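I have placed the structure first, in the form of structure tokens, so that the comments after it can refer back to it.
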Amino acid sequence: MLDRAARLRQLTEVDQDVISRAQDPQFARWLEQVTATGGCAHPIHLTGATTVRDPYSGEILHHYDTTAEPGERLLVRCRNRRATVCPPCSRLHAGDTFHLVRAGLVGGKNVPADVREHPRLFVTLTAPGFGPVHHITTKAERCRPRRTGRCEHGQSIGCPARHADTDPLVGQPLCPDCYDYPGHVLWHAHTGELWARFTRTVRRTLATAAGIAQARFPDHARLSFAKVAEYQKRAAIHVHAVVRLDGPAGPHHPPPPWATADTLITAVRTAARAVTVHTPCSPAIGEHALRWGVQLDARPLRASGDREGLADAAVAAYVAKYVTKGAADTAAGTDHRLTSADDIEIAPVSPHLRSLMRACWRLGGRPEFEPLRLRAWAHTLGYRGHILTKSRAYSTTYATLRAERAGHQRTADATELPDDSDTVTNAHWRYIASGHTPGAALIAAGVAEDLMLNQEIARGELGGSGRWRTDGSAP
């Protein structure tokens with residue numbers, strides 16, 4: 001804890017940095033760059049140039065370089081999805097995710113509106129149990145009141161307490177020595193393979209139910225999905241997915257008559273029970289047979305004109321909200337990679353997460369588990385996949401959404417670029433640094449807050465006033 005004098009000195013340094021920045025002759029242009037990044041908390045600093053030429057005449061059609069920029073550098077977004085790392089970029093990522101998921105449900109972004117009439121489910125696949133843990137209770141119940149006695153390690157197998165959502169015991173094992181930490185991290189490392197086998201089994205089950213050869217399923221229908229991985233309180237991954245059944249050409253083709261929501265639900269439940277992945281046989285821990293947990297939820301989404309089923313916008317908003325959560329918001333490990341076993345011991349995590357990281361490090365050093373790269377992914381407890389993934393035909397992509405936003409920004413800024421596909425572009429860029437000085441970070445945070453307020457005002461949610469104008473003057 002800093003004493004009062006140190007806090008005053010630190011505050012003075014920030015104030016001096018703000019004043020120095022505001023008095024810089026290029027402050028207005030620097031503020032424009034910060035605004036263009038949305039007030040990014042950790043922008044990337046680049047130096048370089050881009051030149052567009054006519055390939056036949058050699059005429060320069062467009063040229064930009066950073067020599068005239070403040071500090072001879074250009075600021076670009078860090079694009080970090082985690083709200084704990086960069087709130088402005090995480091909000092942008094959440095918006096992109098919402099539109100990506102929603103387009104696959106109701107159309108838009110080159111997806112036809114008729115897709116809303118296709119069979120669509122919101123599916124939740126859970127992790128199996130690796131040992132008893134404390135769980136959230138209601139006022140009328142207790143954690144594990146009916147269990148008495150002690151385990152072989154001398155720990156009680158029951159818990160008469162009531163746990164609120166904020167109780168640090170929630171998700172922690174009753175006995176860490178009984179908990180299957182190797183099985184937990186190996187399950188995380190194979191979640192991607194479990195999902196791949198699950199989708200293949202769903203297709204095969206649907207083909208069998210329709211009376212067609214499994215190899216001919218792509219000629220009759222296509223399974224599309226978008227899924228998000230969620231860490232539960234016990235630090236185990238659950239998979240939430242939007243699953244859609246299309247015709248053979250994807251969303252642009254109606255599904256066959258036998259393709260109904262009930263048929264898809266049956267196939268999902270059958271596949272979830274049938275899928276198994278076996279780990280490599282290890283002299284230390286043997287072989288693990290990995291499966292989905294027994295808890296499974298598969299609910300249809302609401303079609304046009306129906307009142308039954310989940311609402312499309314609610315599902316898209318749920319997925320978008322989750323992808324921005326950082327490790328500090330969930331039992332997901334840390335936001336940064338661990339480079340040594342010593343990093344595990346000083347990581348700001350619970351004893352349960354620390355034990356999972358240790359298991360990753362220990363198993364990652366064994367040759368039979370080397371392909372899993374458990375040490376490289378110890379900070380995510382062995383899970384190697386992206387938080388959100390989708391099939392190719394589900395909807396648009398993040399890259400397409402970013403390109404559309406960049407094009408819209410160029411139009412808004414009246415920036416004319418050659419659209420001739422025969423032009424030649426030469427670009428030379430180099431990374432310099434990242435982040436802000438303390439004073440610059442304070443100004444950027446104000447810009448990000450103002451932009452967020454402006455968006456809320458545009459939606460008619462509230463009123464407000466800005467902190468900085470883009471010309472550098474006070475409001």
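The chains in the structure tokens are called A, B, ... from first to last as shown; in each chain the residues are counted from 1, and the ligands are counted from 1 in the order shown.
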
Next on the checklist: Which residues are close to Ala241 in chain A, i.e. within 9 Å by only C-alpha atoms, leaving aside same-chain residues fewer than 4 positions away? Reply as a ChimeraX atom specification.
Outcome noted: /A:121-125,225-229,319

Next on the checklist: I'd like to know which residues of range 245-403 of chain A are strand (DSSP E) (by DSSP, run on the backbone); could you write them as a PyMOL selection string?
Outcome noted: chain A and resi 245-246+277-278+289-290+296-300+388-390

Go ahead and write the selection's residues with all heavy atoms as a tab-separated table (two decimals), in the first residue's frame.
```tsv
chain	number	residue	atom	x	y	z
A	245	LEU	N	-29.62	-26.57	-38.79
A	245	LEU	CA	-29.65	-27.59	-39.85
A	245	LEU	C	-30.16	-26.94	-41.14
A	245	LEU	O	-31.27	-26.42	-41.19
A	245	LEU	CB	-30.57	-28.75	-39.44
A	245	LEU	CG	-30.45	-30.05	-40.23
A	245	LEU	CD1	-29.02	-30.56	-40.23
A	245	LEU	CD2	-31.38	-31.10	-39.63
A	246	ASP	N	-29.29	-26.94	-42.16
A	246	ASP	CA	-29.61	-26.32	-43.45
A	246	ASP	C	-29.74	-27.37	-44.53
A	246	ASP	O	-29.52	-28.57	-44.31
A	246	ASP	CB	-28.49	-25.33	-43.85
A	246	ASP	CG	-28.23	-24.27	-42.80
A	246	ASP	OD1	-29.21	-23.79	-42.21
A	246	ASP	OD2	-27.05	-23.93	-42.59
A	277	VAL	N	-13.43	-40.02	-26.15
A	277	VAL	CA	-12.05	-39.80	-26.61
A	277	VAL	C	-11.11	-40.42	-25.59
A	277	VAL	O	-11.24	-40.15	-24.39
A	277	VAL	CB	-11.73	-38.30	-26.78
A	277	VAL	CG1	-10.25	-38.10	-27.11
A	277	VAL	CG2	-12.59	-37.69	-27.86
A	278	HIS	N	-10.19	-41.24	-26.05
A	278	HIS	CA	-9.21	-41.88	-25.16
A	278	HIS	C	-7.90	-41.13	-25.21
A	278	HIS	O	-7.38	-40.82	-26.29
A	278	HIS	CB	-9.01	-43.34	-25.56
A	278	HIS	CG	-10.22	-44.20	-25.31
A	278	HIS	ND1	-10.47	-44.82	-24.11
A	278	HIS	CD2	-11.28	-44.52	-26.13
A	278	HIS	CE1	-11.60	-45.50	-24.19
A	278	HIS	NE2	-12.11	-45.32	-25.40
A	289	ALA	N	-10.68	-42.22	-20.36
A	289	ALA	CA	-11.76	-42.18	-21.35
A	289	ALA	C	-12.59	-40.93	-21.08
A	289	ALA	O	-13.25	-40.81	-20.04
A	289	ALA	CB	-12.62	-43.43	-21.25
A	290	LEU	N	-12.53	-39.99	-22.00
A	290	LEU	CA	-13.14	-38.67	-21.80
A	290	LEU	C	-14.49	-38.60	-22.49
A	290	LEU	O	-14.62	-39.00	-23.65
A	290	LEU	CB	-12.21	-37.58	-22.35
A	290	LEU	CG	-10.76	-37.62	-21.82
A	290	LEU	CD1	-9.92	-36.57	-22.52
A	290	LEU	CD2	-10.73	-37.42	-20.31
A	296	LEU	N	-27.20	-32.20	-19.95
A	296	LEU	CA	-27.28	-31.75	-21.34
A	296	LEU	C	-28.57	-30.96	-21.52
A	296	LEU	O	-29.63	-31.36	-21.04
A	296	LEU	CB	-27.25	-32.94	-22.30
A	296	LEU	CG	-27.63	-32.68	-23.76
A	296	LEU	CD1	-26.57	-31.80	-24.43
A	296	LEU	CD2	-27.80	-33.98	-24.51
A	297	ASP	N	-28.45	-29.84	-22.22
A	297	ASP	CA	-29.63	-29.03	-22.50
A	297	ASP	C	-29.66	-28.73	-23.99
A	297	ASP	O	-28.66	-28.30	-24.57
A	297	ASP	CB	-29.58	-27.71	-21.70
A	297	ASP	CG	-30.87	-26.92	-21.82
A	297	ASP	OD1	-31.93	-27.55	-21.99
A	297	ASP	OD2	-30.82	-25.68	-21.76
A	298	ALA	N	-30.79	-29.00	-24.63
A	298	ALA	CA	-30.96	-28.72	-26.06
A	298	ALA	C	-32.36	-28.16	-26.25
A	298	ALA	O	-33.35	-28.89	-26.14
A	298	ALA	CB	-30.75	-29.98	-26.89
A	299	ARG	N	-32.45	-26.86	-26.53
A	299	ARG	CA	-33.75	-26.20	-26.66
A	299	ARG	C	-33.87	-25.52	-28.01
A	299	ARG	O	-32.93	-24.89	-28.49
A	299	ARG	CB	-33.92	-25.16	-25.54
A	299	ARG	CG	-34.17	-25.76	-24.17
A	299	ARG	CD	-34.35	-24.68	-23.14
A	299	ARG	NE	-33.08	-24.09	-22.74
A	299	ARG	CZ	-32.98	-23.06	-21.90
A	299	ARG	NH1	-34.06	-22.52	-21.39
A	299	ARG	NH2	-31.80	-22.58	-21.57
A	300	PRO	N	-35.03	-25.62	-28.64
A	300	PRO	CA	-35.23	-24.96	-29.95
A	300	PRO	C	-35.32	-23.45	-29.80
A	300	PRO	O	-35.76	-22.94	-28.76
A	300	PRO	CB	-36.55	-25.56	-30.44
A	300	PRO	CG	-37.27	-25.96	-29.20
A	300	PRO	CD	-36.22	-26.37	-28.20
A	388	LEU	N	-14.64	-18.54	-28.86
A	388	LEU	CA	-15.76	-18.69	-29.79
A	388	LEU	C	-15.24	-19.23	-31.12
A	388	LEU	O	-14.28	-18.72	-31.67
A	388	LEU	CB	-16.49	-17.37	-30.02
A	388	LEU	CG	-17.73	-17.50	-30.92
A	388	LEU	CD1	-18.90	-16.72	-30.34
A	388	LEU	CD2	-17.45	-17.01	-32.34
A	389	THR	N	-15.89	-20.27	-31.61
A	389	THR	CA	-15.59	-20.83	-32.93
A	389	THR	C	-16.91	-21.10	-33.65
A	389	THR	O	-17.96	-21.22	-33.02
A	389	THR	CB	-14.79	-22.14	-32.82
A	389	THR	OG1	-15.50	-23.07	-31.98
A	389	THR	CG2	-13.41	-21.90	-32.24
A	390	LYS	N	-16.82	-21.19	-34.97
A	390	LYS	CA	-18.03	-21.45	-35.75
A	390	LYS	C	-17.67	-22.26	-36.99
A	390	LYS	O	-16.50	-22.30	-37.41
A	390	LYS	CB	-18.69	-20.13	-36.17
A	390	LYS	CG	-17.94	-19.37	-37.24
A	390	LYS	CD	-18.70	-18.14	-37.66
A	390	LYS	CE	-18.08	-17.53	-38.91
A	390	LYS	NZ	-18.22	-18.39	-40.10
```

Item to check | Long-range neighbours of range 86-95 of chain A as an MDAnalysis selection string, 12 Å cut-off, only C-alpha atoms, 5 positions minimum in chain | outcome: chainID A and resid 34:43 76:81 100:102 316:326 335 388 397:399 401:402 405 435 441 444:452 455

Item to check | Per-residue DSSP, range 85-184 of chain A, filtered to alpha helix (DSSP H), as a PyMOL selection string | outcome: chain A and resi 87-106+181-184

Item to check | A:Leu223, A:Cys143, A:Leu301, A:Ile212 ranked by distance to Thr199 in chain A, top pick (using only C-alpha atoms) | outcome: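 Checking each of A:Leu223, A:Cys143, A:Leu301, A:Ile212 against Thr199 in chain A, counting only C-alpha atoms, the winner is A:Leu223.
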
Checklist entry - Mind pulling up the distance from CA of Pro254 in chain A to CA of Glu117 in chain A? => result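 About the pair CA of Glu117 in chain A and CA of Pro254 in chain A: they are 8.4 Å apart.
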
Next on the checklist: Please list as an MDAnalysis selection string every residue within 8 Å of range 187-197 of chain A, counting only C-alpha atoms and excluding residues in the same chain fewer than 4 positions away.
Outcome noted: chainID A and resid 183 201 236:237 275:277 290:292 372 374 381:385

Write the residues of the selection above to a file with all heavy atoms, as a CSV table (one decimal), in the first residue's frame.
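selection.csv, written as the output of this step:
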```
chain,number,residue,atom,x,y,z
A,183,GLY,N,-7.2,-35.7,-14.9
A,183,GLY,CA,-8.4,-35.9,-15.7
A,183,GLY,C,-9.0,-34.6,-16.1
A,183,GLY,O,-9.5,-34.5,-17.3
A,201,THR,N,-20.9,-37.3,-35.2
A,201,THR,CA,-21.9,-38.3,-34.7
A,201,THR,C,-23.3,-37.7,-34.9
A,201,THR,O,-24.2,-38.5,-35.2
A,201,THR,CB,-21.6,-38.6,-33.2
A,201,THR,OG1,-20.3,-39.1,-33.1
A,201,THR,CG2,-22.6,-39.7,-32.8
A,236,ALA,N,-14.2,-25.8,-14.9
A,236,ALA,CA,-14.4,-26.8,-16.0
A,236,ALA,C,-15.2,-26.1,-17.1
A,236,ALA,O,-16.1,-25.3,-16.8
A,236,ALA,CB,-15.1,-28.0,-15.5
A,237,ILE,N,-14.8,-26.4,-18.3
A,237,ILE,CA,-15.4,-25.8,-19.5
A,237,ILE,C,-16.8,-26.4,-19.7
A,237,ILE,O,-17.0,-27.6,-19.6
A,237,ILE,CB,-14.6,-26.1,-20.7
A,237,ILE,CG1,-13.3,-25.2,-20.7
A,237,ILE,CG2,-15.3,-25.8,-22.0
A,237,ILE,CD1,-13.5,-23.8,-21.0
A,275,VAL,N,-20.2,-40.2,-27.7
A,275,VAL,CA,-18.9,-39.7,-28.0
A,275,VAL,C,-17.9,-40.0,-26.8
A,275,VAL,O,-18.2,-39.8,-25.7
A,275,VAL,CB,-18.9,-38.2,-28.3
A,275,VAL,CG1,-17.4,-37.7,-28.4
A,275,VAL,CG2,-19.6,-38.0,-29.6
A,276,THR,N,-16.8,-40.6,-27.2
A,276,THR,CA,-15.7,-40.9,-26.3
A,276,THR,C,-14.3,-40.6,-26.9
A,276,THR,O,-14.1,-40.9,-28.1
A,276,THR,CB,-15.7,-42.3,-25.8
A,276,THR,OG1,-17.0,-42.6,-25.2
A,276,THR,CG2,-14.6,-42.6,-24.7
A,277,VAL,N,-13.4,-40.0,-26.2
A,277,VAL,CA,-12.0,-39.8,-26.6
A,277,VAL,C,-11.1,-40.4,-25.6
A,277,VAL,O,-11.2,-40.2,-24.4
A,277,VAL,CB,-11.7,-38.3,-26.8
A,277,VAL,CG1,-10.2,-38.1,-27.1
A,277,VAL,CG2,-12.6,-37.7,-27.9
A,290,LEU,N,-12.5,-40.0,-22.0
A,290,LEU,CA,-13.1,-38.7,-21.8
A,290,LEU,C,-14.5,-38.6,-22.5
A,290,LEU,O,-14.6,-39.0,-23.7
A,290,LEU,CB,-12.2,-37.6,-22.3
A,290,LEU,CG,-10.8,-37.6,-21.8
A,290,LEU,CD1,-9.9,-36.6,-22.5
A,290,LEU,CD2,-10.7,-37.4,-20.3
A,291,ARG,N,-15.5,-38.1,-21.8
A,291,ARG,CA,-16.8,-38.0,-22.3
A,291,ARG,C,-17.4,-36.6,-21.9
A,291,ARG,O,-16.9,-35.9,-21.0
A,291,ARG,CB,-17.7,-39.1,-21.8
A,291,ARG,CG,-17.3,-40.5,-22.2
A,291,ARG,CD,-18.2,-41.6,-21.6
A,291,ARG,NE,-17.8,-42.9,-21.9
A,291,ARG,CZ,-16.9,-43.6,-21.3
A,291,ARG,NH1,-16.3,-43.1,-20.2
A,291,ARG,NH2,-16.6,-44.9,-21.7
A,292,TRP,N,-18.6,-36.3,-22.5
A,292,TRP,CA,-19.4,-35.1,-22.0
A,292,TRP,C,-20.0,-35.5,-20.7
A,292,TRP,O,-20.2,-36.7,-20.4
A,292,TRP,CB,-20.4,-34.7,-23.0
A,292,TRP,CG,-19.9,-34.3,-24.3
A,292,TRP,CD1,-19.9,-34.9,-25.5
A,292,TRP,CD2,-19.2,-33.0,-24.6
A,292,TRP,NE1,-19.4,-34.2,-26.5
A,292,TRP,CE2,-18.9,-33.0,-26.0
A,292,TRP,CE3,-18.9,-31.9,-23.8
A,292,TRP,CZ2,-18.2,-31.9,-26.6
A,292,TRP,CZ3,-18.2,-30.9,-24.4
A,292,TRP,CH2,-17.9,-30.9,-25.8
A,372,LEU,N,0.0,-32.2,-26.8
A,372,LEU,CA,-1.1,-31.4,-26.2
A,372,LEU,C,-0.6,-30.0,-25.8
A,372,LEU,O,-1.5,-29.1,-25.5
A,372,LEU,CB,-1.7,-32.1,-25.0
A,372,LEU,CG,-2.3,-33.5,-25.3
A,372,LEU,CD1,-2.9,-34.1,-24.0
A,372,LEU,CD2,-3.4,-33.4,-26.3
A,374,LEU,N,0.6,-28.8,-23.0
A,374,LEU,CA,-0.1,-28.4,-21.8
A,374,LEU,C,0.6,-27.3,-21.1
A,374,LEU,O,0.0,-26.5,-20.4
A,374,LEU,CB,-0.2,-29.7,-20.9
A,374,LEU,CG,-1.2,-30.7,-21.3
A,374,LEU,CD1,-1.1,-32.0,-20.5
A,374,LEU,CD2,-2.6,-30.2,-21.3
A,381,LEU,N,-5.6,-23.5,-18.1
A,381,LEU,CA,-5.9,-24.8,-17.5
A,381,LEU,C,-6.0,-26.0,-18.5
A,381,LEU,O,-6.8,-26.9,-18.3
A,381,LEU,CB,-7.3,-24.7,-16.7
A,381,LEU,CG,-7.4,-23.5,-15.8
A,381,LEU,CD1,-8.7,-23.5,-15.1
A,381,LEU,CD2,-6.3,-23.3,-14.9
A,382,GLY,N,-5.2,-25.9,-19.6
A,382,GLY,CA,-5.1,-26.9,-20.5
A,382,GLY,C,-6.0,-26.8,-21.7
A,382,GLY,O,-5.9,-27.5,-22.7
A,383,TYR,N,-7.0,-25.8,-21.7
A,383,TYR,CA,-7.9,-25.6,-22.8
A,383,TYR,C,-7.2,-24.9,-23.9
A,383,TYR,O,-6.6,-23.8,-23.7
A,383,TYR,CB,-9.1,-24.9,-22.4
A,383,TYR,CG,-10.1,-24.6,-23.5
A,383,TYR,CD1,-10.8,-25.6,-24.1
A,383,TYR,CD2,-10.3,-23.3,-24.0
A,383,TYR,CE1,-11.7,-25.4,-25.1
A,383,TYR,CE2,-11.2,-23.1,-25.0
A,383,TYR,CZ,-11.9,-24.1,-25.6
A,383,TYR,OH,-12.8,-23.9,-26.6
A,384,ARG,N,-7.2,-25.5,-25.1
A,384,ARG,CA,-6.4,-24.9,-26.2
A,384,ARG,C,-7.2,-24.2,-27.3
A,384,ARG,O,-6.6,-23.7,-28.3
A,384,ARG,CB,-5.6,-26.0,-26.9
A,384,ARG,CG,-4.6,-26.7,-26.0
A,384,ARG,CD,-3.8,-27.9,-26.7
A,384,ARG,NE,-4.8,-28.9,-27.0
A,384,ARG,CZ,-4.6,-29.8,-28.1
A,384,ARG,NH1,-3.5,-29.6,-28.8
A,384,ARG,NH2,-5.4,-30.7,-28.3
A,385,GLY,N,-8.5,-24.2,-27.2
A,385,GLY,CA,-9.3,-23.7,-28.2
A,385,GLY,C,-9.6,-22.2,-28.1
A,385,GLY,O,-9.3,-21.6,-27.0
```

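Around range 155-164 of chain A, within 8 Å and counting only C-alpha atoms, the residues found are His134, His135, Ile136, Thr137, Thr138, Lys139, Glu141, Arg142, Cys143, Arg144, Pro145, Arg146, Arg147, Thr148, Gly149, Val170, Leu174 and Cys175 of chain A, once anything fewer than 6 positions away on its own chain is removed.
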
Could you dump the residues just selected with N, CA and C atoms as a PDB file, in the first residue's frame?
```pdb
ATOM      1  N   HIS A 134     -17.707 -27.682  -3.662  1.00  0.00           N
ATOM      2  CA  HIS A 134     -18.729 -26.837  -3.037  1.00  0.00           C
ATOM      3  C   HIS A 134     -19.522 -26.119  -4.131  1.00  0.00           C
ATOM      4  N   HIS A 135     -20.831 -25.992  -3.933  1.00  0.00           N
ATOM      5  CA  HIS A 135     -21.661 -25.370  -4.945  1.00  0.00           C
ATOM      6  C   HIS A 135     -22.566 -24.311  -4.326  1.00  0.00           C
ATOM      7  N   ILE A 136     -23.090 -23.434  -5.190  1.00  0.00           N
ATOM      8  CA  ILE A 136     -23.984 -22.372  -4.742  1.00  0.00           C
ATOM      9  C   ILE A 136     -25.285 -22.986  -4.245  1.00  0.00           C
ATOM     10  N   THR A 137     -25.793 -22.485  -3.138  1.00  0.00           N
ATOM     11  CA  THR A 137     -27.018 -23.017  -2.555  1.00  0.00           C
ATOM     12  C   THR A 137     -28.067 -21.912  -2.434  1.00  0.00           C
ATOM     13  N   THR A 138     -29.278 -22.337  -2.199  1.00  0.00           N
ATOM     14  CA  THR A 138     -30.358 -21.394  -1.914  1.00  0.00           C
ATOM     15  C   THR A 138     -30.543 -21.299  -0.414  1.00  0.00           C
ATOM     16  N   LYS A 139     -31.437 -20.418   0.008  1.00  0.00           N
ATOM     17  CA  LYS A 139     -31.682 -20.262   1.444  1.00  0.00           C
ATOM     18  C   LYS A 139     -32.250 -21.526   2.070  1.00  0.00           C
ATOM     19  N   GLU A 141     -31.515 -24.703   1.179  1.00  0.00           N
ATOM     20  CA  GLU A 141     -30.686 -25.895   1.062  1.00  0.00           C
ATOM     21  C   GLU A 141     -29.281 -25.642   1.589  1.00  0.00           C
ATOM     22  N   ARG A 142     -28.583 -26.726   1.796  1.00  0.00           N
ATOM     23  CA  ARG A 142     -27.182 -26.659   2.198  1.00  0.00           C
ATOM     24  C   ARG A 142     -26.344 -27.362   1.141  1.00  0.00           C
ATOM     25  N   CYS A 143     -25.043 -27.213   1.242  1.00  0.00           N
ATOM     26  CA  CYS A 143     -24.148 -27.702   0.190  1.00  0.00           C
ATOM     27  C   CYS A 143     -24.217 -29.222   0.034  1.00  0.00           C
ATOM     28  N   ARG A 144     -23.771 -29.962   1.018  1.00  0.00           N
ATOM     29  CA  ARG A 144     -23.819 -31.436   0.992  1.00  0.00           C
ATOM     30  C   ARG A 144     -24.124 -31.942   2.400  1.00  0.00           C
ATOM     31  N   PRO A 145     -25.372 -31.724   2.868  1.00  0.00           N
ATOM     32  CA  PRO A 145     -25.695 -32.016   4.277  1.00  0.00           C
ATOM     33  C   PRO A 145     -25.879 -33.498   4.580  1.00  0.00           C
ATOM     34  N   ARG A 146     -26.215 -34.303   3.583  1.00  0.00           N
ATOM     35  CA  ARG A 146     -26.548 -35.701   3.852  1.00  0.00           C
ATOM     36  C   ARG A 146     -25.342 -36.634   3.828  1.00  0.00           C
ATOM     37  N   ARG A 147     -24.202 -36.107   3.473  1.00  0.00           N
ATOM     38  CA  ARG A 147     -23.015 -36.957   3.421  1.00  0.00           C
ATOM     39  C   ARG A 147     -22.252 -36.846   4.733  1.00  0.00           C
ATOM     40  N   THR A 148     -21.919 -37.980   5.281  1.00  0.00           N
ATOM     41  CA  THR A 148     -21.175 -38.021   6.541  1.00  0.00           C
ATOM     42  C   THR A 148     -19.939 -38.879   6.368  1.00  0.00           C
ATOM     43  N   GLY A 149     -19.021 -38.732   7.273  1.00  0.00           N
ATOM     44  CA  GLY A 149     -17.788 -39.502   7.221  1.00  0.00           C
ATOM     45  C   GLY A 149     -16.656 -38.706   6.600  1.00  0.00           C
ATOM     46  N   VAL A 170     -17.010 -21.713  -3.271  1.00  0.00           N
ATOM     47  CA  VAL A 170     -17.780 -22.257  -4.392  1.00  0.00           C
ATOM     48  C   VAL A 170     -16.833 -22.689  -5.507  1.00  0.00           C
ATOM     49  N   LEU A 174     -13.954 -30.516  -2.165  1.00  0.00           N
ATOM     50  CA  LEU A 174     -14.038 -30.836  -0.742  1.00  0.00           C
ATOM     51  C   LEU A 174     -12.726 -31.432  -0.257  1.00  0.00           C
ATOM     52  N   CYS A 175     -12.099 -32.232  -1.108  1.00  0.00           N
ATOM     53  CA  CYS A 175     -10.783 -32.792  -0.791  1.00  0.00           C
ATOM     54  C   CYS A 175      -9.891 -32.659  -2.018  1.00  0.00           C
TER      55      CYS A 175
END
```

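Among the candidate residues A:Ile44, A:Leu442, A:Ala393, A:Ile346, the one lying nearest to Pro248 in chain A is A:Ala393, with distances computed using only C-alpha atoms.
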
Checklist outcome for this item: In terms of only C-alpha atoms, the residue from A:Pro128, A:Ala210, A:Asp422, A:Ala458 at minimal distance from Pro257 in chain A is A:Ala210

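Interatomic distance, CA of Glu59 in chain A against CA of Trp429 in chain A: 21.6 Å.
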
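Of the listed residues (A:Thr266, A:Gln214, A:Asn426, A:Ser434), A:Ser434 comes nearest to Leu75 in chain A; the distances count only C-alpha atoms.
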
Item to check | For Arg200 in chain A, the nearest of the candidates A:Pro218, A:Pro438, A:Gly108, A:Gly48, counting only C-alpha atoms | outcome: A:Pro218
